[in-house]
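Coordinates as given in input-v5.txt (compact mmCIF, C-alpha atoms):
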```txt
# COMPACT_ATOMS: atom_id res chain seq x y z
CA MET A 85 0.00 0.00 0.00
CA LYS A 86 2.84 2.35 0.90
CA HIS A 87 4.55 1.73 -2.45
CA SER A 88 1.27 2.41 -4.28
CA ILE A 89 0.92 5.80 -2.59
CA ILE A 90 4.51 6.76 -3.45
CA PHE A 91 3.96 5.67 -7.05
CA PHE A 92 0.79 7.75 -7.19
CA TYR A 93 2.61 10.85 -5.92
CA PHE A 94 5.37 10.47 -8.51
CA PHE A 95 2.77 9.90 -11.21
CA ILE A 96 0.97 13.17 -10.32
CA ILE A 97 4.24 15.11 -10.17
CA GLY A 98 5.33 13.71 -13.54
CA ILE A 99 2.04 14.61 -15.20
CA SER A 100 2.24 18.15 -13.74
CA LEU A 101 5.78 18.66 -15.00
CA ILE A 102 4.87 17.46 -18.47
CA ALA A 103 1.84 19.75 -18.53
CA LEU A 104 3.84 22.76 -17.34
CA SER A 105 6.69 22.10 -19.75
CA GLY A 106 4.19 21.95 -22.58
CA CYS A 107 2.78 25.41 -21.79
CA THR A 108 3.85 28.23 -24.08
CA THR A 109 3.32 31.96 -23.81
CA VAL A 110 3.62 34.38 -26.72
CA GLN A 111 3.81 38.07 -25.81
CA THR A 112 3.45 40.65 -28.61
CA LEU A 113 4.63 44.16 -27.66
CA TYR A 114 3.41 47.49 -29.06
CA LEU A 115 4.42 51.02 -28.08
CA GLN A 116 1.40 53.12 -27.19
CA ASP A 117 2.70 56.53 -26.05
CA VAL A 118 6.10 57.77 -24.92
CA VAL A 119 7.62 61.03 -23.71
CA VAL A 120 11.42 61.36 -23.77
CA THR A 121 13.41 64.24 -22.31
CA GLY A 122 16.94 65.17 -23.30
CA PRO A 123 19.15 67.50 -25.35
CA ILE A 124 20.09 67.37 -29.00
CA ASN A 125 23.58 65.86 -28.92
CA GLN A 126 26.30 68.43 -29.57
CA SER A 127 30.06 68.14 -29.81
CA PRO A 128 32.71 70.83 -29.30
CA ILE A 129 34.05 72.85 -32.21
CA HIS A 130 37.79 72.39 -32.58
CA ILE A 131 39.61 75.40 -33.98
CA THR A 132 43.01 74.81 -35.57
CA ASP A 133 45.44 77.72 -35.45
CA SER A 134 48.82 75.99 -35.32
CA SER A 135 50.41 72.66 -36.15
CA GLY A 136 52.21 72.22 -32.83
CA THR A 137 51.28 70.00 -29.90
CA SER A 138 49.04 71.54 -27.24
CA VAL A 139 46.19 70.96 -24.81
CA THR A 140 42.97 72.98 -25.15
CA ILE A 141 40.22 73.14 -22.54
CA SER A 142 36.83 74.31 -23.82
CA ALA A 143 33.73 75.46 -21.97
CA ARG A 144 30.67 75.53 -24.23
CA PHE A 145 27.07 76.62 -23.84
CA SER A 146 24.01 76.43 -26.07
CA TYR A 147 20.36 77.37 -25.77
CA ASN A 148 17.44 75.58 -27.43
CA PRO A 149 14.41 77.88 -27.79
CA GLU A 150 12.18 75.02 -28.94
CA LYS A 151 10.21 73.15 -26.28
CA GLU A 152 9.36 69.85 -27.98
CA ILE A 153 8.93 67.85 -31.15
CA LYS A 154 6.30 65.21 -31.87
CA ALA A 155 6.70 62.21 -34.19
CA LYS A 156 5.48 58.68 -34.83
CA THR A 157 7.38 55.56 -33.79
CA ASP A 158 7.37 52.04 -35.18
CA GLY A 159 5.35 49.34 -33.49
CA THR A 160 2.07 51.09 -32.76
CA PRO A 161 -0.97 48.80 -32.33
CA MET A 162 -4.07 48.68 -34.48
CA VAL A 163 -6.77 51.01 -33.12
CA ASN A 164 -10.50 51.59 -33.42
CA ASP A 165 -12.11 54.14 -35.73
CA GLU A 166 -11.56 56.89 -33.13
CA GLY A 167 -7.82 56.26 -32.99
CA PHE A 168 -7.75 54.48 -29.61
CA TYR A 169 -6.68 50.97 -28.64
CA GLN A 170 -9.90 49.36 -27.45
CA VAL A 171 -10.21 46.46 -24.99
CA ASP A 172 -13.09 44.43 -23.65
CA THR A 173 -13.21 44.22 -19.86
CA ILE A 174 -13.95 40.80 -18.34
CA TYR A 175 -14.89 40.62 -14.63
CA ASN A 176 -13.99 37.14 -13.44
CA SER A 177 -15.84 35.26 -10.71
CA ASN A 178 -12.71 35.19 -8.51
CA GLY A 179 -12.63 38.99 -8.38
CA THR A 180 -9.89 39.53 -10.96
CA ILE A 181 -10.12 41.64 -14.11
CA THR A 182 -9.04 40.49 -17.56
CA TYR A 183 -8.70 42.72 -20.61
CA LYS A 184 -9.11 41.24 -24.07
CA LYS A 185 -8.30 42.86 -27.40
CA SER A 186 -11.40 44.21 -29.08
CA ASN A 187 -12.34 43.29 -32.63
CA GLU A 188 -12.89 47.01 -33.21
CA ASN A 189 -9.12 47.55 -33.52
CA ARG A 190 -9.03 47.37 -37.32
CA PHE A 191 -7.29 50.63 -38.31
CA GLN A 192 -3.70 51.82 -38.55
CA TYR A 193 -2.74 54.39 -35.95
CA GLN A 194 -2.50 57.82 -37.61
CA GLY A 195 -1.34 60.00 -34.73
CA GLN A 196 2.02 60.97 -33.26
CA ASN A 197 2.80 58.90 -30.18
CA LEU A 198 6.31 60.25 -29.47
CA THR A 199 6.94 63.55 -27.68
CA TRP A 200 10.55 64.69 -27.29
CA ASN A 201 10.87 67.39 -24.64
CA PHE A 202 14.10 69.27 -25.24
CA ALA A 203 16.56 70.34 -22.61
CA THR A 204 16.65 74.13 -22.63
CA VAL A 205 20.31 74.67 -21.77
CA THR A 206 23.32 72.47 -22.50
CA ALA A 207 26.75 73.13 -20.99
CA GLY A 208 29.91 71.17 -21.63
CA LEU A 209 33.54 70.97 -20.57
CA ASP A 210 35.93 69.40 -23.06
CA ILE A 211 39.64 68.75 -23.39
CA ASP A 212 41.51 68.34 -26.67
CA PHE A 213 44.99 66.79 -26.85
CA LYS A 214 46.95 67.63 -29.99
CA LEU A 215 49.45 64.78 -29.83
CA SER A 216 51.34 65.54 -33.04
CA ARG A 217 51.32 67.92 -36.00
CA ASN A 218 48.21 66.27 -37.46
CA PHE A 219 46.56 64.01 -34.84
CA ALA A 220 44.43 64.70 -31.75
CA LEU A 221 42.34 62.95 -29.11
CA PHE A 222 39.42 64.61 -27.33
CA ALA A 223 36.96 63.88 -24.53
CA GLY A 224 34.44 65.80 -22.46
CA VAL A 225 31.36 65.88 -20.26
CA ASN A 226 28.12 67.82 -20.64
CA PHE A 227 25.10 68.73 -18.55
CA ALA A 228 21.60 69.39 -19.89
CA GLY A 229 18.78 70.96 -17.90
CA GLY A 230 15.10 71.58 -18.59
CA ASN A 231 11.60 70.20 -17.94
CA ASN A 232 12.63 69.52 -14.32
CA LYS A 233 15.27 67.04 -15.53
CA SER A 234 19.04 67.04 -15.05
CA LEU A 235 20.85 64.81 -17.52
CA TRP A 236 24.56 64.06 -17.97
CA GLY A 237 26.48 63.00 -21.02
CA GLY A 238 29.85 63.10 -22.70
CA THR A 239 31.86 62.89 -25.91
CA GLY A 240 35.04 61.19 -27.03
CA GLY A 241 36.93 60.60 -30.25
CA LEU A 242 39.88 61.44 -32.42
CA GLY A 243 40.70 64.08 -35.01
CA VAL A 244 43.07 64.84 -37.85
CA PHE A 245 43.92 68.41 -38.78
CA GLY A 246 46.14 70.66 -40.83
CA VAL A 247 46.91 74.35 -41.26
CA LYS A 248 48.74 76.32 -43.95
CA ASN A 249 48.91 80.03 -44.80
CA GLY A 250 46.25 80.91 -42.26
CA ILE A 251 43.70 78.36 -43.56
CA ALA A 252 42.94 75.30 -41.40
CA PHE A 253 40.76 72.20 -41.41
CA ARG A 254 39.93 69.43 -38.98
CA LEU A 255 38.03 66.14 -39.30
CA ASP A 256 36.63 64.62 -36.08
CA ALA A 257 34.97 61.25 -35.55
CA GLY A 258 33.72 59.98 -32.22
CA PHE A 259 30.75 59.08 -30.07
CA HIS A 260 28.24 60.74 -27.78
CA ILE A 261 27.23 59.28 -24.43
CA GLN A 262 23.91 60.72 -23.32
CA SER A 263 21.36 60.00 -20.61
CA ILE A 264 17.73 60.21 -21.77
CA ALA A 265 14.66 60.19 -19.52
CA TYR A 266 11.58 58.32 -20.76
CA ASP A 267 7.97 57.83 -19.70
CA ALA A 268 6.53 55.02 -21.84
CA TYR A 269 3.26 53.10 -22.13
CA THR A 270 3.48 49.63 -23.67
CA ILE A 271 0.72 47.22 -24.70
CA ALA A 272 1.36 43.46 -24.49
CA GLU A 273 -1.02 41.07 -26.20
CA VAL A 274 -0.49 37.72 -24.47
CA LYS A 275 -1.53 34.26 -25.66
CA GLU A 276 -1.05 31.29 -23.33
CA THR A 277 -1.40 27.77 -24.70
CA ASP A 278 -1.38 24.76 -22.36
CA PHE A 279 -0.22 21.18 -22.93
CA PHE A 280 -3.63 20.09 -24.19
CA GLY A 281 -3.87 22.81 -26.82
CA SER A 282 -6.40 25.13 -25.20
CA SER A 283 -5.42 28.79 -25.12
CA GLU A 284 -6.23 32.01 -23.32
CA GLU A 285 -5.65 35.54 -24.62
CA TYR A 286 -5.50 38.76 -22.66
CA VAL A 287 -3.88 42.20 -22.69
CA LEU A 288 -1.33 43.62 -20.26
CA PHE A 289 -0.46 47.31 -19.90
CA TYR A 290 3.00 48.52 -18.87
CA HIS A 291 4.03 51.98 -17.68
CA ASP A 292 7.81 52.48 -17.36
CA ILE A 293 9.49 55.66 -16.09
CA ASP A 294 13.28 55.56 -16.10
CA ASN A 295 16.52 56.85 -17.65
CA SER A 296 18.63 55.15 -20.30
CA THR A 297 22.21 55.85 -21.41
CA ASN A 298 22.95 55.67 -25.12
CA PHE A 299 26.14 55.56 -27.19
CA ASP A 300 25.88 57.19 -30.63
CA PRO A 301 28.43 58.02 -33.36
CA PHE A 302 29.09 61.36 -35.01
CA VAL A 303 31.43 62.89 -37.60
CA ASN A 304 32.36 66.58 -37.93
CA PHE A 305 34.37 68.66 -40.37
CA THR A 306 35.60 72.13 -39.39
CA PHE A 307 37.07 74.83 -41.63
CA ASN A 308 38.48 77.97 -40.07
CA THR A 309 40.71 80.89 -40.85
CA ALA A 310 43.74 81.44 -38.61
CA LYS A 311 44.97 84.90 -39.53
CA THR A 312 46.90 86.39 -36.64
CA ASP A 313 46.49 89.94 -37.97
CA TRP A 314 42.69 89.67 -38.20
CA ILE A 315 40.57 90.88 -35.32
CA LEU A 316 37.86 88.36 -36.18
CA ASN A 317 38.34 84.96 -37.80
CA ILE A 318 35.60 82.72 -39.13
CA PHE A 319 34.76 79.04 -38.76
CA ILE A 320 32.32 76.68 -40.44
CA ASN A 321 31.51 73.35 -38.83
CA GLY A 322 29.29 70.62 -40.31
CA GLY A 323 28.60 66.93 -39.95
CA TYR A 324 26.13 64.18 -39.14
CA SER A 325 25.14 62.57 -35.85
CA VAL A 326 22.83 59.76 -34.80
CA GLN A 327 20.89 59.95 -31.53
CA SER A 328 19.10 57.03 -29.84
CA LEU A 329 15.93 58.09 -28.07
CA LEU A 330 14.24 54.89 -26.95
CA ASP A 331 15.28 51.26 -26.55
CA PHE A 332 13.99 49.56 -23.39
CA GLU A 333 12.29 46.42 -22.09
CA PRO A 334 8.87 46.98 -20.44
CA LYS A 335 8.94 45.88 -16.81
CA THR A 336 6.40 47.79 -14.74
CA ILE A 337 2.72 46.81 -14.81
CA ASP A 338 0.39 49.81 -15.07
CA TYR A 339 -1.73 49.39 -11.94
CA GLU A 340 -4.20 52.05 -13.03
CA TRP A 341 -5.55 49.27 -15.25
CA PHE A 342 -5.20 46.56 -12.63
CA PRO A 343 -6.44 47.52 -9.16
CA ILE A 344 -5.93 44.95 -6.41
CA PRO A 345 -6.15 41.97 -6.89
CA LEU A 346 -3.05 41.77 -9.08
CA PRO A 347 -3.08 41.44 -12.89
CA PRO A 348 -2.34 38.15 -14.65
CA PHE A 349 1.27 37.03 -14.29
CA VAL A 350 3.22 35.69 -17.24
CA TYR A 351 4.88 32.60 -15.75
CA GLN A 352 6.84 31.40 -18.74
CA THR A 353 7.44 33.65 -21.71
CA THR A 354 8.91 31.45 -24.40
CA THR A 355 8.44 33.89 -27.29
CA THR A 356 8.39 37.70 -27.39
CA ILE A 357 7.40 39.45 -30.61
CA ASP A 358 8.49 43.07 -30.28
CA PHE A 359 7.15 45.44 -32.93
CA ARG A 360 8.44 48.56 -31.14
CA GLY A 361 11.98 48.60 -32.50
CA GLU A 362 14.47 51.31 -31.54
CA THR A 363 13.58 54.97 -31.97
CA THR A 364 16.50 56.94 -33.38
CA ALA A 365 16.91 60.50 -34.63
CA GLY A 366 19.49 61.63 -37.16
CA PHE A 367 20.82 65.16 -37.60
CA LEU A 368 22.62 66.95 -40.37
CA HIS A 369 24.20 69.91 -38.62
CA PHE A 370 25.88 73.11 -39.76
CA THR A 371 27.44 75.80 -37.56
CA PRO A 372 28.82 79.06 -38.96
CA GLY A 373 30.45 81.56 -36.64
CA ILE A 374 33.28 83.85 -35.69
CA TYR A 375 36.01 83.72 -33.10
CA PHE A 376 38.45 86.20 -31.62
CA ASN A 377 41.35 86.05 -29.19
CA PHE A 378 40.95 87.91 -25.91
CA ALA A 379 44.29 86.81 -24.42
CA GLU A 380 47.43 85.22 -25.72
CA GLN A 381 46.16 81.67 -25.10
CA SER A 382 42.39 82.20 -25.03
CA ARG A 383 39.61 82.76 -27.55
CA ILE A 384 35.82 83.05 -27.73
CA LEU A 385 33.64 81.37 -30.38
CA ILE A 386 30.16 82.67 -31.18
CA GLY A 387 27.85 80.96 -33.65
CA ALA A 388 24.51 79.36 -34.39
CA ARG A 389 24.00 75.62 -34.68
CA PHE A 390 21.56 74.50 -37.37
CA PHE A 391 20.26 70.95 -36.88
CA TYR A 392 18.12 69.28 -39.55
CA GLU A 393 16.43 66.05 -38.40
CA THR A 394 16.29 63.26 -41.02
CA GLN A 395 14.99 60.01 -39.47
CA LEU A 396 11.89 60.57 -37.32
CA LYS A 397 8.56 59.77 -38.97
CA GLU A 398 5.91 62.47 -39.38
CA ALA A 399 7.88 64.92 -37.24
CA THR A 400 6.19 68.23 -36.45
CA GLN A 401 9.47 70.08 -37.00
CA ASN A 402 12.78 69.30 -38.71
CA LEU A 403 14.94 72.42 -38.39
CA PHE A 404 16.33 73.62 -35.06
CA ILE A 405 18.56 76.66 -34.50
CA LEU A 406 20.60 76.82 -31.30
CA PRO A 407 22.74 79.87 -30.40
CA MET A 408 26.09 78.77 -28.98
CA LEU A 409 29.08 80.18 -27.13
CA GLN A 410 32.42 78.46 -26.55
CA VAL A 411 35.49 79.63 -24.65
CA ASP A 412 38.86 77.96 -25.33
CA PHE A 413 41.94 78.00 -23.11
CA THR A 414 45.14 76.63 -24.66
CA LEU A 415 47.89 75.32 -22.39
```
Could you render the structure as structure tokens?
Amino acid sequence: MKHSIIFFYFFIIGISLIALSGCTTVQTLYLQDVVVTGPINQSPIHITDSSGTSVTISARFSYNPEKEIKAKTDGTPMVNDEGFYQVDTIYNSNGTITYKKSNENRFQYQGQNLTWNFATVTAGLDIDFKLSRNFALFAGVNFAGGNNKSLWGGTGGLGVFGVKNGIAFRLDAGFHIQSIAYDAYTIAEVKETDFFGSSEEYVLFYHDIDNSTNFDPFVNFTFNTAKTDWILNIFINGGYSVQSLLDFEPKTIDYEWFPIPLPPFVYQTTTTIDFRGETTAGFLHFTPGIYFNFAEQSRILIGARFFYETQLKEATQNLFILPMLQVDFTL
């Protein structure tokens, strides 16, 4: 009798393990709405006025008069005829709530679900090492403030330069490191299938508020005059930069949709289909300006940065003009 009971226990455990191992969960993710806060990435302008080795410390400031830009991201869900994602609410007998996707969601989303709140002021401190007659390394940190957010970032890279007869050029390539704040709403359509083939479908809502740090490349070319007998010299800087805005995994259940008791819990996610992708901006930028020396080893640069955005879909604005000031100290 004792052996029969033990056999029965093992039989039940074995059947349970087989049933659980045969369960699959497919979670399909869509981005509903997102607000990101951060600056347009900017790098220092490197003036070349000699071919000797030196170290230059630069303090730079820029002001963005624009408050925000709106655009559309990839991976938005189908919506109803009013432009909203509609769900059917199921009140279960055990007191829980289940949301199911409505059949009314038959239309492509036509709105703009991304809002980028710009940092108003960006300040940076950079150091440039001219290691030889034609080669340099540079690095720096920057701070961006606005919309009650304080965000840090930095730059790093290398440059090649040359100067002859008071005409100079420099080519820089490097990367931006920038912290971005995001407030994102994600929809997850979940389908659970058990060992016996029966399935259950429901919808989860996520609301994530956090910061992410992104690494993005850039390339700049600078032309400047270097006439020692001129009171004012000119510079022209241009290039292209990529800026990541959003790339995260949803983690936080939106409890405004799920009051206590708790929402359904995804025990075993074997497949995740993520339609959201990564949201990235791209900027062609152009900065004309003037500079003048105010001491033997110091100069001031004044200019306007023109940024033209090229990658965001259905953006409300593409051109941004940022006044800038930079002070260089050469050691």
Open item on the list: Excluding Gly241 (chain A) and its own-chain neighbours fewer than 2 positions away, which residues fall within 8 Å of it when counting only C-alpha atoms? Please give them as a PyMOL selection string.
Closed with: chain A and resi 221-223+239+243+256-259
Task: Within 10 Å of file point (10.2, 72.7, -29.7), counting all atoms listed in the file, expressed as a ChimeraX atom specification - done: /A:148-154,199-204,400-404
- [ ] Name the closest residue to Ile264 (chain A) among the candidates A:Cys107, A:Ala228, A:Leu396, A:Val326; distances are taken between atoms, counting all atoms listed in the file.
- [x] A:Ala228
Open item on the list: My list of candidates is A:Tyr339, A:Leu215, A:Ala207, A:Met162. Which is closest to Asn189 (chain A) when distances are computed with all atoms listed in the file?
Closed with: A:Met162
Selection near Phe413 (chain A), 10 Å with all atoms listed in the file, sequence-local residues under 6 positions removed, as a compact mmCIF listing (two decimals) with C-alpha atoms, keeping the file's coordinate frame:
```
# COMPACT_ATOMS: atom_id res chain seq x y z
CA VAL A 139 46.19 70.96 -24.81
CA THR A 140 42.97 72.98 -25.15
CA ILE A 141 40.22 73.14 -22.54
CA SER A 142 36.83 74.31 -23.82
CA ALA A 143 33.73 75.46 -21.97
CA ILE A 211 39.64 68.75 -23.39
CA ALA A 379 44.29 86.81 -24.42
CA GLU A 380 47.43 85.22 -25.72
CA GLN A 381 46.16 81.67 -25.10
CA SER A 382 42.39 82.20 -25.03
CA ARG A 383 39.61 82.76 -27.55
CA ILE A 384 35.82 83.05 -27.73
```
Task: Distance criterion (only C-alpha atoms): nearest to Ile181 (chain A) out of A:Val287, A:Glu393, A:Glu362, A:Ile320 - done: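 For Ile181 (chain A), the nearest of the given residues is A:Val287.
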Open item on the list: as a list in words, please: the residues near Met408 (chain A) (cut-off 8 Å, all atoms listed in the file, same-chain neighbours under 2 positions excluded).
Closed with: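 These residues fall inside the cut-off: Arg144, Phe145, Ser146, Tyr147, Ile386, Gly387, Ala388, Arg389, Leu406 and Gln410 of chain A.
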Open item on the list: List the spatial neighbours of Val274 (chain A) as a VMD selection string - criterion: any atom at most 6 Å away, all atoms listed in the file, same-chain residues fewer than 3 positions off excluded.
Closed with: chain A and resid 110 to 111 285 to 287
Same residues, C-alpha atoms, output as a PDB file, in the frame of the given file:
```
ATOM      1  CA  VAL A 110       3.620  34.380 -26.720  1.00  0.00           C
ATOM      2  CA  GLN A 111       3.810  38.070 -25.810  1.00  0.00           C
ATOM      3  CA  GLU A 285      -5.650  35.540 -24.620  1.00  0.00           C
ATOM      4  CA  TYR A 286      -5.500  38.760 -22.660  1.00  0.00           C
ATOM      5  CA  VAL A 287      -3.880  42.200 -22.690  1.00  0.00           C
TER       6      VAL A 287
END
```
Task: A:Ser234, A:Tyr169, A:Ala310, A:Tyr175 ranked by distance to Asn187 (chain A), top pick (using only C-alpha atoms) - done: A:Tyr169
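Between CA of Ile261 (chain A) and CA of Leu242 (chain A) the separation is 15.1 Å.
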Task: Nearest to Thr112 (chain A) by atom-to-atom distance, counting all atoms listed in the file, from A:Asn232, A:Thr270, A:Ser134, A:Asn178 - done: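 Among the listed residues, A:Thr270 lies closest to Thr112 (chain A).
Near Asp358 (chain A), within 7 Å and counting only C-alpha atoms, sit A:Thr112, A:Leu113, A:Tyr114, A:Gly361, not including residues fewer than 3 positions from it in the same chain.
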TODO: Please work out which residues fall within 8 Å of (41.3, 68.9, -38.6), coordinates as given in the file, with all atoms listed in the file counting, and return them as a PyMOL selection string.
DONE: chain A and resi 130+132+218+243-246+252-256+305-307
